[in-house]
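J.: Just dropping this structure here.
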Amino acid sequence: MTPPPYAASRRHFLALSAATALTAAGCSAPQNTAAATTPSSPSGGTRLTKIGFDYPFTQLPIYSALVKLSTAQAERHGISLLTTSDNASADTQATNLNTWVAREVPAIVSFPMVFEAAEPLAKAALDAGLIWVTYGGSLHHQSADIRFSFREGGTLLGAAAARWAQEHLGGKGKIAFLTDSTIELGRERTKGMIDAFTKAAPGVDVVAREQSIDPDTGLSKTKAILAKHPDLNLVLGVTDAAAYGAFKALQQAGRAKDDAKTFVGGQDGSAPSLLAVKQGTFYRASAALAPKDIAAAVVDVPRAVAAGKANPSAQVPITLVQRADTAEIDALLAQNA
């Protein structure tokens, strides 16, 4: 995920995507040379030797862990893993994906910044005989997808925060939501956490819903909210990165790290947030994904497509962790190392 808006980037991404589709449509050379020369697998499909993993949000804490674990997972299967350096730019992502399609990288796993603009790119890849796996959502044109229990993660976090508000605030107080409306993952997480919280804690006033998925934006947006509502009790984030920015903003405003009337929570299971939960701060919960599970899916889903397996898509599980879940937190931190 990445901080919007990027309207100009969306237009450029659409233009680059359209150019890719036109190029593919007008190409008369034989398609999928790289994939065609890949040896057969025992199951009768093709055995991949190369996968491109396109994760554009390099500013998020989880990025380096995903690349490290995915590379190791690929090597176990004799596969080399390529990565892009999109730097949270939709323009750069489109250019990099164009290059991979033109070079006929046999399998592409991509987390699109602009899902509708990725459709022509995905179609061009499929038309070239390549494998396209959509990460973080679904496209019409794809071989398979990797999803993360989007709504469930938000629901787990919202319900936990609501229980805390009932127990520690008497069902009263103020909450702000750091949301994302740009992609399916963000919209589903946002809806899950807001619906679950407001249903279970209707007496808590919702004072803000701000677009934010990264630490810097979470920090600045929460500072602005605190200027109007210095008695803010809860902040829930669509990502741990955004929520951690809120955590820092509250501390900078003078809130004690273990303040009994404050609750911050996020989603993803990022290392800084997990450490804050473990240490007993007012960062109290994370709806966490296990990086090793994601890395396995990044490699195993395109392998399953290449081997011709039925239902190759993956749904990566998500688990709510709180201070008492020490063993689970330690296991997740080890994967993030």
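Lettering and numbering for the structure tokens are positional, with chains as A, B, ... in the shown order, residues counted from 1 in each chain, and ligands counted from 1 in the shown order.
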Quick one: residues within 6 Å of stretch 282-288 of chain A, only C-alpha atoms counted, chain neighbours fewer than 4 positions away excluded, as a list in words?
T.: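 My reading of the contact set: Gly153, Lys257, Asp258, Thr262, Phe263, Val264, Gly265, Gly266, Gln267, Asp268, Gly269, Ala276, Val277, Ile318, Thr319, Leu320, Val321 and Gln322 of chain A.
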J.: Next, the residues of the selection above should be written as a short mmCIF file (atom, residue, chain, number, x, y, z; two decimals), in the first residue's frame with all heavy atoms.
T.:
data_model
loop_
_atom_site.label_atom_id
_atom_site.label_comp_id
_atom_site.auth_asym_id
_atom_site.auth_seq_id
_atom_site.Cartn_x
_atom_site.Cartn_y
_atom_site.Cartn_z
N GLY A 153 -9.28 -9.03 8.65
CA GLY A 153 -8.28 -8.31 9.42
C GLY A 153 -8.85 -7.06 10.06
O GLY A 153 -8.63 -6.79 11.25
N LYS A 257 3.63 6.44 27.18
CA LYS A 257 3.64 5.26 26.31
C LYS A 257 2.70 4.17 26.81
O LYS A 257 2.27 3.32 26.02
CB LYS A 257 5.06 4.70 26.19
CG LYS A 257 5.99 5.54 25.34
CD LYS A 257 7.37 4.95 25.26
CE LYS A 257 7.39 3.67 24.44
NZ LYS A 257 8.77 3.17 24.22
N ASP A 258 2.41 4.16 28.10
CA ASP A 258 1.53 3.13 28.65
C ASP A 258 0.21 3.74 29.15
O ASP A 258 -0.43 3.19 30.06
CB ASP A 258 2.22 2.38 29.79
CG ASP A 258 2.65 3.29 30.93
OD1 ASP A 258 2.56 4.54 30.77
OD2 ASP A 258 3.08 2.77 31.98
N THR A 262 -5.67 5.06 26.34
CA THR A 262 -5.35 5.19 24.92
C THR A 262 -5.17 3.82 24.29
O THR A 262 -4.57 2.93 24.88
CB THR A 262 -4.07 6.02 24.72
OG1 THR A 262 -4.21 7.27 25.40
CG2 THR A 262 -3.81 6.28 23.23
N PHE A 263 -5.68 3.69 23.06
CA PHE A 263 -5.57 2.44 22.30
C PHE A 263 -5.20 2.79 20.86
O PHE A 263 -5.90 3.54 20.20
CB PHE A 263 -6.91 1.69 22.31
CG PHE A 263 -6.91 0.35 21.63
CD1 PHE A 263 -7.08 -0.82 22.36
CD2 PHE A 263 -6.78 0.22 20.24
CE1 PHE A 263 -7.11 -2.07 21.74
CE2 PHE A 263 -6.80 -1.00 19.61
CZ PHE A 263 -6.97 -2.16 20.38
N VAL A 264 -4.09 2.23 20.39
CA VAL A 264 -3.72 2.31 18.98
C VAL A 264 -3.58 0.89 18.45
O VAL A 264 -3.05 0.01 19.15
CB VAL A 264 -2.41 3.09 18.78
CG1 VAL A 264 -1.94 3.00 17.32
CG2 VAL A 264 -2.58 4.55 19.18
N GLY A 265 -4.07 0.65 17.26
CA GLY A 265 -3.94 -0.66 16.65
C GLY A 265 -3.85 -0.54 15.14
O GLY A 265 -4.34 0.43 14.55
N GLY A 266 -3.23 -1.54 14.51
CA GLY A 266 -3.07 -1.52 13.07
C GLY A 266 -3.18 -2.90 12.46
O GLY A 266 -3.57 -3.86 13.13
N GLN A 267 -2.79 -2.98 11.19
CA GLN A 267 -2.91 -4.23 10.45
C GLN A 267 -1.67 -4.46 9.59
O GLN A 267 -1.18 -3.52 8.98
CB GLN A 267 -4.15 -4.20 9.55
CG GLN A 267 -5.45 -3.98 10.32
CD GLN A 267 -6.65 -3.80 9.41
OE1 GLN A 267 -7.06 -4.72 8.72
NE2 GLN A 267 -7.21 -2.60 9.42
N ASP A 268 -1.17 -5.67 9.59
CA ASP A 268 -0.05 -6.17 8.79
C ASP A 268 0.90 -6.99 9.64
O ASP A 268 1.43 -8.00 9.19
CB ASP A 268 0.77 -5.08 8.09
CG ASP A 268 0.12 -4.62 6.80
OD1 ASP A 268 -0.58 -5.43 6.16
OD2 ASP A 268 0.30 -3.44 6.44
N GLY A 269 1.19 -6.53 10.88
CA GLY A 269 2.18 -7.22 11.70
C GLY A 269 3.58 -6.69 11.46
O GLY A 269 4.53 -7.46 11.45
N ALA A 276 6.09 -2.72 19.96
CA ALA A 276 5.34 -1.83 20.84
C ALA A 276 4.24 -2.59 21.58
O ALA A 276 3.99 -2.34 22.77
CB ALA A 276 4.75 -0.68 20.04
N VAL A 277 3.58 -3.52 20.90
CA VAL A 277 2.56 -4.35 21.55
C VAL A 277 3.20 -5.19 22.65
O VAL A 277 2.71 -5.27 23.79
CB VAL A 277 1.84 -5.25 20.53
CG1 VAL A 277 0.89 -6.22 21.24
CG2 VAL A 277 1.06 -4.41 19.52
N ILE A 318 -4.76 -14.34 8.61
CA ILE A 318 -4.39 -13.19 9.43
C ILE A 318 -4.82 -13.46 10.86
O ILE A 318 -5.85 -14.10 11.10
CB ILE A 318 -5.04 -11.90 8.87
CG1 ILE A 318 -4.40 -10.65 9.49
CG2 ILE A 318 -6.55 -11.90 9.06
CD1 ILE A 318 -4.68 -9.38 8.69
N THR A 319 -4.01 -13.01 11.84
CA THR A 319 -4.27 -13.30 13.25
C THR A 319 -4.12 -12.04 14.08
O THR A 319 -3.14 -11.29 13.90
CB THR A 319 -3.27 -14.35 13.77
OG1 THR A 319 -3.34 -15.52 12.95
CG2 THR A 319 -3.58 -14.73 15.21
N LEU A 320 -5.06 -11.77 14.97
CA LEU A 320 -4.94 -10.64 15.87
C LEU A 320 -3.98 -11.00 17.00
O LEU A 320 -4.14 -12.04 17.66
CB LEU A 320 -6.30 -10.27 16.45
CG LEU A 320 -6.27 -9.00 17.31
CD1 LEU A 320 -6.31 -7.77 16.42
CD2 LEU A 320 -7.42 -8.98 18.31
N VAL A 321 -2.98 -10.15 17.23
CA VAL A 321 -2.07 -10.36 18.35
C VAL A 321 -2.14 -9.17 19.29
O VAL A 321 -2.21 -8.01 18.85
CB VAL A 321 -0.61 -10.61 17.89
CG1 VAL A 321 -0.51 -11.91 17.14
CG2 VAL A 321 -0.10 -9.46 17.04
N GLN A 322 -2.14 -9.49 20.60
CA GLN A 322 -2.13 -8.48 21.64
C GLN A 322 -1.02 -8.81 22.63
O GLN A 322 -0.26 -9.77 22.43
CB GLN A 322 -3.51 -8.42 22.30
CG GLN A 322 -4.60 -8.00 21.30
CD GLN A 322 -6.00 -8.01 21.88
OE1 GLN A 322 -6.66 -9.05 21.93
NE2 GLN A 322 -6.46 -6.86 22.32
#
J.: Within 8 Å of A:Ala122, counting only C-alpha atoms, which residues show up once you throw out same-chain ones fewer than 6 positions away? Write them as a ChimeraX atom specification, please.
T.: /A:132,141-142
J.: List as CSV every residue of stretch 245-323 of chain A that is in contact with stretch 224-230 of chain A, defined as an atom at most 10 Å from one of its atoms (using only C-alpha atoms), together with the nearest atom pair and the distance in Å rounded to one decimal, sorted by chain and then rising number.
T.:
residue,atom,partner,partner_atom,distance
A:Ala246,CA,A:Ile225,CA,9.9
A:Ala249,CA,A:Leu226,CA,8.5
A:Leu250,CA,A:Leu226,CA,7.9
A:Ala253,CA,A:Leu226,CA,8.0
A:Arg255,CA,A:Pro230,CA,9.9
J.: Give me, as a list in words, all polymer residues having an atom no more than 9 Å from stretch 63-68 of chain A, counting only C-alpha atoms and skipping those fewer than 3 positions away in the same chain.
T.: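 Result of the neighbour search: Phe53, Tyr55, Pro56, Phe57, Thr58, Gln59, Leu60, Thr71, Ala72, Gln73, Leu81, Thr83, Pro291, Lys292, Ile294, Ala295, Gln335, Asn336 and Ala337 of chain A.
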J.: May I have the selected residues written with all heavy atoms, as a compact mmCIF listing (two decimals), in the first residue's frame?
T.:
# COMPACT_ATOMS: atom_id res chain seq x y z
N PHE A 53 8.79 -10.39 -8.81
CA PHE A 53 7.95 -9.96 -7.70
C PHE A 53 7.95 -8.43 -7.65
O PHE A 53 8.96 -7.80 -7.36
CB PHE A 53 8.49 -10.54 -6.39
CG PHE A 53 7.68 -10.16 -5.16
CD1 PHE A 53 6.30 -9.99 -5.23
CD2 PHE A 53 8.31 -10.00 -3.94
CE1 PHE A 53 5.56 -9.65 -4.10
CE2 PHE A 53 7.60 -9.66 -2.80
CZ PHE A 53 6.22 -9.49 -2.88
N TYR A 55 6.56 -5.41 -5.84
CA TYR A 55 5.94 -4.86 -4.63
C TYR A 55 6.34 -3.39 -4.57
O TYR A 55 7.49 -3.06 -4.26
CB TYR A 55 6.43 -5.61 -3.40
CG TYR A 55 5.69 -5.27 -2.12
CD1 TYR A 55 4.69 -6.11 -1.63
CD2 TYR A 55 6.00 -4.13 -1.39
CE1 TYR A 55 4.02 -5.80 -0.46
CE2 TYR A 55 5.33 -3.82 -0.23
CZ TYR A 55 4.34 -4.66 0.24
OH TYR A 55 3.66 -4.35 1.40
N PRO A 56 5.43 -2.48 -4.91
CA PRO A 56 5.83 -1.08 -5.12
C PRO A 56 6.06 -0.27 -3.87
O PRO A 56 6.69 0.78 -3.93
CB PRO A 56 4.64 -0.51 -5.90
CG PRO A 56 3.46 -1.31 -5.43
CD PRO A 56 4.01 -2.70 -5.22
N PHE A 57 5.57 -0.76 -2.73
CA PHE A 57 5.56 0.08 -1.53
C PHE A 57 6.81 -0.17 -0.69
O PHE A 57 6.75 -0.69 0.43
CB PHE A 57 4.27 -0.14 -0.75
CG PHE A 57 3.06 -0.06 -1.64
CD1 PHE A 57 2.21 -1.14 -1.78
CD2 PHE A 57 2.79 1.09 -2.35
CE1 PHE A 57 1.10 -1.06 -2.61
CE2 PHE A 57 1.70 1.18 -3.19
CZ PHE A 57 0.84 0.10 -3.32
N THR A 58 7.94 0.22 -1.23
CA THR A 58 9.22 -0.08 -0.62
C THR A 58 9.43 0.69 0.68
O THR A 58 10.36 0.38 1.43
CB THR A 58 10.35 0.26 -1.60
OG1 THR A 58 10.20 1.62 -2.05
CG2 THR A 58 10.31 -0.65 -2.82
N GLN A 59 8.58 1.68 0.96
CA GLN A 59 8.74 2.46 2.20
C GLN A 59 8.13 1.77 3.41
O GLN A 59 8.35 2.19 4.54
CB GLN A 59 8.10 3.85 2.02
CG GLN A 59 6.58 3.92 2.24
CD GLN A 59 5.78 3.51 1.00
OE1 GLN A 59 6.25 2.72 0.19
NE2 GLN A 59 4.59 4.05 0.87
N LEU A 60 7.36 0.70 3.19
CA LEU A 60 6.73 0.01 4.32
C LEU A 60 7.72 -0.92 5.00
O LEU A 60 8.55 -1.57 4.35
CB LEU A 60 5.51 -0.77 3.84
CG LEU A 60 4.37 0.05 3.23
CD1 LEU A 60 3.19 -0.83 2.90
CD2 LEU A 60 3.95 1.18 4.16
N THR A 71 12.89 -14.51 -1.69
CA THR A 71 14.11 -14.93 -2.39
C THR A 71 14.56 -16.30 -1.90
O THR A 71 14.90 -17.18 -2.71
CB THR A 71 15.23 -13.89 -2.19
OG1 THR A 71 14.80 -12.63 -2.72
CG2 THR A 71 16.51 -14.34 -2.87
N ALA A 72 14.55 -16.49 -0.58
CA ALA A 72 14.95 -17.78 -0.02
C ALA A 72 13.99 -18.88 -0.43
O ALA A 72 14.42 -20.00 -0.76
CB ALA A 72 15.01 -17.68 1.51
N GLN A 73 12.69 -18.58 -0.44
CA GLN A 73 11.69 -19.57 -0.85
C GLN A 73 11.89 -19.95 -2.31
O GLN A 73 11.81 -21.13 -2.68
CB GLN A 73 10.28 -19.01 -0.63
CG GLN A 73 9.14 -19.89 -1.09
CD GLN A 73 8.89 -21.06 -0.16
OE1 GLN A 73 9.53 -21.20 0.86
NE2 GLN A 73 7.95 -21.93 -0.52
N LEU A 81 14.55 -14.95 -8.19
CA LEU A 81 13.50 -13.96 -7.95
C LEU A 81 13.98 -12.59 -8.38
O LEU A 81 15.01 -12.10 -7.89
CB LEU A 81 13.11 -13.94 -6.47
CG LEU A 81 11.88 -13.09 -6.14
CD1 LEU A 81 10.60 -13.89 -6.46
CD2 LEU A 81 11.87 -12.69 -4.67
N THR A 83 13.11 -8.47 -8.63
CA THR A 83 12.29 -7.48 -7.94
C THR A 83 12.36 -6.15 -8.66
O THR A 83 13.33 -5.87 -9.38
CB THR A 83 12.74 -7.27 -6.47
OG1 THR A 83 14.11 -6.84 -6.45
CG2 THR A 83 12.60 -8.56 -5.67
N PRO A 291 4.98 -13.04 7.50
CA PRO A 291 5.75 -12.85 6.27
C PRO A 291 6.11 -14.15 5.56
O PRO A 291 6.14 -14.20 4.34
CB PRO A 291 7.00 -12.11 6.76
CG PRO A 291 6.54 -11.36 7.96
CD PRO A 291 5.56 -12.28 8.63
N LYS A 292 6.38 -15.22 6.33
CA LYS A 292 6.73 -16.49 5.69
C LYS A 292 5.56 -17.06 4.90
O LYS A 292 5.77 -17.71 3.86
CB LYS A 292 7.21 -17.51 6.72
CG LYS A 292 6.16 -17.98 7.70
CD LYS A 292 6.72 -19.03 8.65
CE LYS A 292 5.70 -19.50 9.66
NZ LYS A 292 4.49 -20.11 9.03
N ILE A 294 3.28 -15.20 3.35
CA ILE A 294 3.19 -14.40 2.13
C ILE A 294 4.29 -14.82 1.15
O ILE A 294 4.04 -14.99 -0.05
CB ILE A 294 3.32 -12.90 2.46
CG1 ILE A 294 2.22 -12.46 3.42
CG2 ILE A 294 3.27 -12.07 1.18
CD1 ILE A 294 2.35 -11.01 3.87
N ALA A 295 5.50 -14.97 1.66
CA ALA A 295 6.63 -15.37 0.80
C ALA A 295 6.36 -16.71 0.13
O ALA A 295 6.67 -16.89 -1.06
CB ALA A 295 7.92 -15.42 1.62
N GLN A 335 10.52 -13.65 11.89
CA GLN A 335 10.35 -13.65 10.44
C GLN A 335 10.64 -12.30 9.83
O GLN A 335 11.00 -12.20 8.65
CB GLN A 335 8.92 -14.07 10.09
CG GLN A 335 8.57 -15.49 10.45
CD GLN A 335 7.11 -15.80 10.23
OE1 GLN A 335 6.53 -15.39 9.23
NE2 GLN A 335 6.51 -16.53 11.16
N ASN A 336 10.46 -11.23 10.61
CA ASN A 336 10.71 -9.88 10.12
C ASN A 336 12.17 -9.48 10.23
O ASN A 336 12.54 -8.40 9.78
CB ASN A 336 9.85 -8.87 10.89
CG ASN A 336 8.45 -8.74 10.35
OD1 ASN A 336 8.22 -8.09 9.34
ND2 ASN A 336 7.49 -9.40 11.00
N ALA A 337 12.99 -10.34 10.83
CA ALA A 337 14.40 -9.97 11.06
C ALA A 337 15.17 -9.90 9.76
O ALA A 337 14.89 -10.61 8.82
CB ALA A 337 15.02 -11.00 11.99
